[in-house]
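K.L.:
Could you have a look at this structure, given as C-alpha cells, before my questions?
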Amino acid sequence: MDVIELLPRLRLLRFPVGQAYLWRDGDDLTLVDAGPAGAGPGIVAWAGSFGRVRRVVLTHFHEDHVGGAQEVAALTGAEVVAHTLEAPVVRGEVPGPPPVYEDWERPLHENALRLLPAGGFDRPTRVTEVSDGDVLDFGGGARVVHAPGHTDGSIGLHLPRHGVLFTGDAAAASPDDGRVILGVFNTDRDRAVASFGRLAALDSELACFGHGDPVTVRAGRTLRESARSHGAGL
C-alpha cells in the first residue's frame, strides 16, 4: 500500500488495483472504499497513528473497493455504509450485475483480475444503507450523490465545505496521460455518462477517483470538460 498526502486531512491509499481514501476529523477517521481483500489490516495499522476508523463508505460493490471492508470493520468496529441498492450485493445476498464491456476494456479487466488476490473475501454482515442526498457526519457534512451506471447503486461523495469530490468509478484518470475519462466496466454506459455529468456539475477543487491520479486544482472545470466530451449534457 502506497500512501500519498493530498490535504492535511486527506490521504490516498493506493493498491495494485484501485485505491481508497482516508479522511481525518480529529482522531475520527473515515475510509472511502477499502481496497481489495487483505488490505484491511494494513490500513488499520497505518491509520492507528492518526486515530480510529469510525466508518467505511463504499462507493460500489466491486471487490477492489469492498474486499477490505469487513476486515476493517472487524478490527475497529467501524460502520460500513453503502447505497440502499448496493447493500444487498455488498452483503452477498444477491449477485452484482456484470459489466457490459467495450472490446478495448476486456484486456484491462483481465489484467486487473491477475493483480487481485485469488479466492473470495469476508463480506460485511452489517451495512448502513444511504440514499441520494443523505449527509454523512464527516468532512463538515458529506453529501451522498447517487451515480448509477457503473453499478446500480454507485455513489459519489461531495464535501462542499472543503471542495472535495469522491467519484468512485464513475470517473477515472487515464494511466497513460492522466486525462479524466468516464470510468470503465459499466453496466449501463448512458446512465454512467449522465452520472458523470451530475458529479462534474458539483463545485469541486479536488476530485478523487477510484483509479488514477486525483485532479488537485479546479477539478470541477476539468471534470465538466471531460463529461461534455463523453456526451453529458452540461
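Labeling convention for the C-alpha cells: chains A, B, ... as they appear, residues from 1 per chain, ligands from 1 in order of appearance.
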Against range 10-33 of chain A, which residues of range 151-229 of chain A fall within 10 Å? For each one I want the closest pair of atoms and the distance in Å (one decimal), counting only C-alpha atoms, rows by chain and increasing residue number, as a Markdown table.

P.N.:
```
| residue | atom | partner | partner_atom | distance |
| --- | --- | --- | --- | --- |
| A:Gly156 | CA | A:Val32 | CA | 9.9 |
| A:Leu157 | CA | A:Val32 | CA | 8.8 |
| A:Val164 | CA | A:Leu10 | CA | 9.8 |
| A:Phe166 | CA | A:Val32 | CA | 8.0 |
| A:Gly168 | CA | A:Asp33 | CA | 8.2 |
| A:Asp169 | CA | A:Gly18 | CA | 9.5 |
| A:Cys208 | CA | A:Tyr21 | CA | 8.2 |
| A:Phe209 | CA | A:Gln19 | CA | 8.0 |
| A:Gly210 | CA | A:Gln19 | CA | 5.5 |
| A:His211 | CA | A:Gly18 | CA | 5.1 |
| A:Gly212 | CA | A:Gly18 | CA | 7.9 |
| A:Asp213 | CA | A:Leu12 | CA | 9.4 |
| A:Pro214 | CA | A:Leu12 | CA | 9.0 |
```

K.L.:
Hey, what's within 9 Å of Leu116 in chain A if we count only C-alpha atoms and toss same-chain stuff fewer than 4 positions away? As a list of chain:residue names, please?

P.N.:
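The residues that qualify are A:Pro16, A:Val17, A:Pro36, A:Ala37, A:Glu63, A:Asp64, A:Ala112.
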
K.L.:
Given the selection you just returned, output its residues as a file containing all heavy atoms, formatted as a compact mmCIF listing (two decimals), in the first residue's frame.

P.N.:
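Once everything was written out, this is result18.txt:
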```txt
# COMPACT_ATOMS: atom_id res chain seq x y z
N PRO A 16 -2.34 -2.40 -5.64
CA PRO A 16 -2.04 -2.86 -7.01
C PRO A 16 -3.20 -2.65 -7.99
O PRO A 16 -2.98 -2.40 -9.17
CB PRO A 16 -1.72 -4.34 -6.81
CG PRO A 16 -1.16 -4.42 -5.43
CD PRO A 16 -1.97 -3.43 -4.63
N VAL A 17 -4.42 -2.79 -7.49
CA VAL A 17 -5.60 -2.45 -8.28
C VAL A 17 -6.45 -1.49 -7.45
O VAL A 17 -6.91 -1.84 -6.36
CB VAL A 17 -6.43 -3.68 -8.65
CG1 VAL A 17 -7.69 -3.27 -9.42
CG2 VAL A 17 -5.62 -4.67 -9.47
N PRO A 36 -8.76 -4.06 -1.92
CA PRO A 36 -9.07 -5.47 -2.15
C PRO A 36 -8.92 -6.30 -0.88
O PRO A 36 -8.47 -5.80 0.16
CB PRO A 36 -8.03 -5.88 -3.20
CG PRO A 36 -6.86 -4.98 -2.91
CD PRO A 36 -7.46 -3.68 -2.46
N ALA A 37 -9.31 -7.56 -0.97
CA ALA A 37 -9.15 -8.47 0.16
C ALA A 37 -7.69 -8.47 0.64
O ALA A 37 -6.76 -8.47 -0.17
CB ALA A 37 -9.57 -9.88 -0.25
N GLU A 63 -14.91 -5.81 -6.02
CA GLU A 63 -14.04 -6.38 -4.98
C GLU A 63 -12.81 -5.54 -4.69
O GLU A 63 -12.25 -5.60 -3.59
CB GLU A 63 -13.63 -7.80 -5.35
CG GLU A 63 -12.83 -7.92 -6.63
CD GLU A 63 -12.60 -9.39 -6.99
OE1 GLU A 63 -11.84 -10.05 -6.27
OE2 GLU A 63 -13.19 -9.85 -7.98
N ASP A 64 -12.35 -4.73 -5.64
CA ASP A 64 -11.20 -3.88 -5.35
C ASP A 64 -11.58 -2.69 -4.48
O ASP A 64 -10.70 -1.95 -4.03
CB ASP A 64 -10.52 -3.41 -6.65
CG ASP A 64 -11.47 -2.72 -7.61
OD1 ASP A 64 -12.63 -3.15 -7.73
OD2 ASP A 64 -11.03 -1.75 -8.27
N ALA A 112 -6.52 -6.68 -14.56
CA ALA A 112 -6.90 -6.37 -13.19
C ALA A 112 -7.14 -7.65 -12.39
O ALA A 112 -6.75 -7.76 -11.22
CB ALA A 112 -8.14 -5.49 -13.18
```

K.L.:
Taking only C-alpha atoms into account, produce a table as JSON lines in which each residue of range 67-161 of chain A with an atom at most 9 Å from an atom of range 179-189 of chain A appears once, together with its shortest atom pair and the distance in Å to one decimal, ordered by chain and rising number.

P.N.:
```
{"residue": "A:Pro97", "atom": "CA", "partner": "A:Thr187", "partner_atom": "CA", "distance": 7.1}
{"residue": "A:Pro98", "atom": "CA", "partner": "A:Thr187", "partner_atom": "CA", "distance": 6.5}
{"residue": "A:Pro99", "atom": "CA", "partner": "A:Thr187", "partner_atom": "CA", "distance": 4.3}
{"residue": "A:Val100", "atom": "CA", "partner": "A:Thr187", "partner_atom": "CA", "distance": 5.2}
{"residue": "A:Tyr101", "atom": "CA", "partner": "A:Phe185", "partner_atom": "CA", "distance": 5.8}
{"residue": "A:Glu102", "atom": "CA", "partner": "A:Phe185", "partner_atom": "CA", "distance": 7.8}
{"residue": "A:Glu105", "atom": "CA", "partner": "A:Phe185", "partner_atom": "CA", "distance": 7.0}
{"residue": "A:Arg106", "atom": "CA", "partner": "A:Phe185", "partner_atom": "CA", "distance": 8.7}
{"residue": "A:His109", "atom": "CA", "partner": "A:Phe185", "partner_atom": "CA", "distance": 7.9}
{"residue": "A:Pro148", "atom": "CA", "partner": "A:Asp188", "partner_atom": "CA", "distance": 8.2}
{"residue": "A:Gly149", "atom": "CA", "partner": "A:Asp188", "partner_atom": "CA", "distance": 4.8}
{"residue": "A:His150", "atom": "CA", "partner": "A:Asn186", "partner_atom": "CA", "distance": 4.0}
{"residue": "A:Thr151", "atom": "CA", "partner": "A:Thr187", "partner_atom": "CA", "distance": 5.8}
{"residue": "A:Asp152", "atom": "CA", "partner": "A:Thr187", "partner_atom": "CA", "distance": 7.8}
```

K.L.:
Any chance you could export the current selection's N, CA and C atoms as an mmCIF file, in the first residue's frame?

P.N.:
```
data_model
loop_
_atom_site.group_PDB
_atom_site.id
_atom_site.type_symbol
_atom_site.label_atom_id
_atom_site.label_comp_id
_atom_site.auth_asym_id
_atom_site.auth_seq_id
_atom_site.Cartn_x
_atom_site.Cartn_y
_atom_site.Cartn_z
ATOM 1 N N PRO A 97 -24.761 -7.238 -10.887
ATOM 2 C CA PRO A 97 -24.866 -7.340 -12.346
ATOM 3 C C PRO A 97 -23.495 -7.193 -12.996
ATOM 4 N N PRO A 98 -23.219 -7.978 -14.041
ATOM 5 C CA PRO A 98 -21.913 -7.892 -14.696
ATOM 6 C C PRO A 98 -21.815 -6.660 -15.582
ATOM 7 N N PRO A 99 -20.605 -6.172 -15.808
ATOM 8 C CA PRO A 99 -20.440 -5.040 -16.728
ATOM 9 C C PRO A 99 -20.760 -5.434 -18.166
ATOM 10 N N VAL A 100 -21.047 -4.432 -18.974
ATOM 11 C CA VAL A 100 -21.154 -4.602 -20.424
ATOM 12 C C VAL A 100 -19.858 -4.043 -20.998
ATOM 13 N N TYR A 101 -18.943 -4.930 -21.367
ATOM 14 C CA TYR A 101 -17.606 -4.495 -21.742
ATOM 15 C C TYR A 101 -17.555 -3.934 -23.160
ATOM 16 N N GLU A 102 -16.839 -2.814 -23.297
ATOM 17 C CA GLU A 102 -16.373 -2.409 -24.606
ATOM 18 C C GLU A 102 -15.225 -3.347 -24.988
ATOM 19 N N GLU A 105 -11.989 -2.735 -23.381
ATOM 20 C CA GLU A 105 -11.924 -2.873 -21.938
ATOM 21 C C GLU A 105 -11.561 -4.289 -21.485
ATOM 22 N N ARG A 106 -11.787 -5.280 -22.337
ATOM 23 C CA ARG A 106 -11.581 -6.671 -21.909
ATOM 24 C C ARG A 106 -10.140 -6.954 -21.477
ATOM 25 N N HIS A 109 -9.614 -5.542 -18.012
ATOM 26 C CA HIS A 109 -10.251 -6.333 -16.954
ATOM 27 C C HIS A 109 -9.453 -7.596 -16.663
ATOM 28 N N PRO A 148 -25.583 6.154 -10.666
ATOM 29 C CA PRO A 148 -25.720 4.833 -11.287
ATOM 30 C C PRO A 148 -25.134 4.791 -12.694
ATOM 31 N N GLY A 149 -24.841 3.577 -13.125
ATOM 32 C CA GLY A 149 -24.289 3.379 -14.464
ATOM 33 C C GLY A 149 -23.079 2.484 -14.418
ATOM 34 N N HIS A 150 -22.159 2.777 -13.505
ATOM 35 C CA HIS A 150 -21.064 1.834 -13.275
ATOM 36 C C HIS A 150 -21.648 0.589 -12.619
ATOM 37 N N THR A 151 -22.386 0.795 -11.540
ATOM 38 C CA THR A 151 -23.283 -0.198 -10.964
ATOM 39 C C THR A 151 -24.566 0.543 -10.615
ATOM 40 N N ASP A 152 -25.603 -0.207 -10.259
ATOM 41 C CA ASP A 152 -26.897 0.437 -9.988
ATOM 42 C C ASP A 152 -26.843 1.347 -8.768
#
```

K.L.:
Can you list, as number ranges by chain, all residues belonging to range 49-214 of chain A that DSSP tags as strand (DSSP E or B)?

P.N.:
A: 52-57, 79-83, 128-130, 135-136, 142-146, 155-159, 164-168, 171-173, 180-182, 206-209
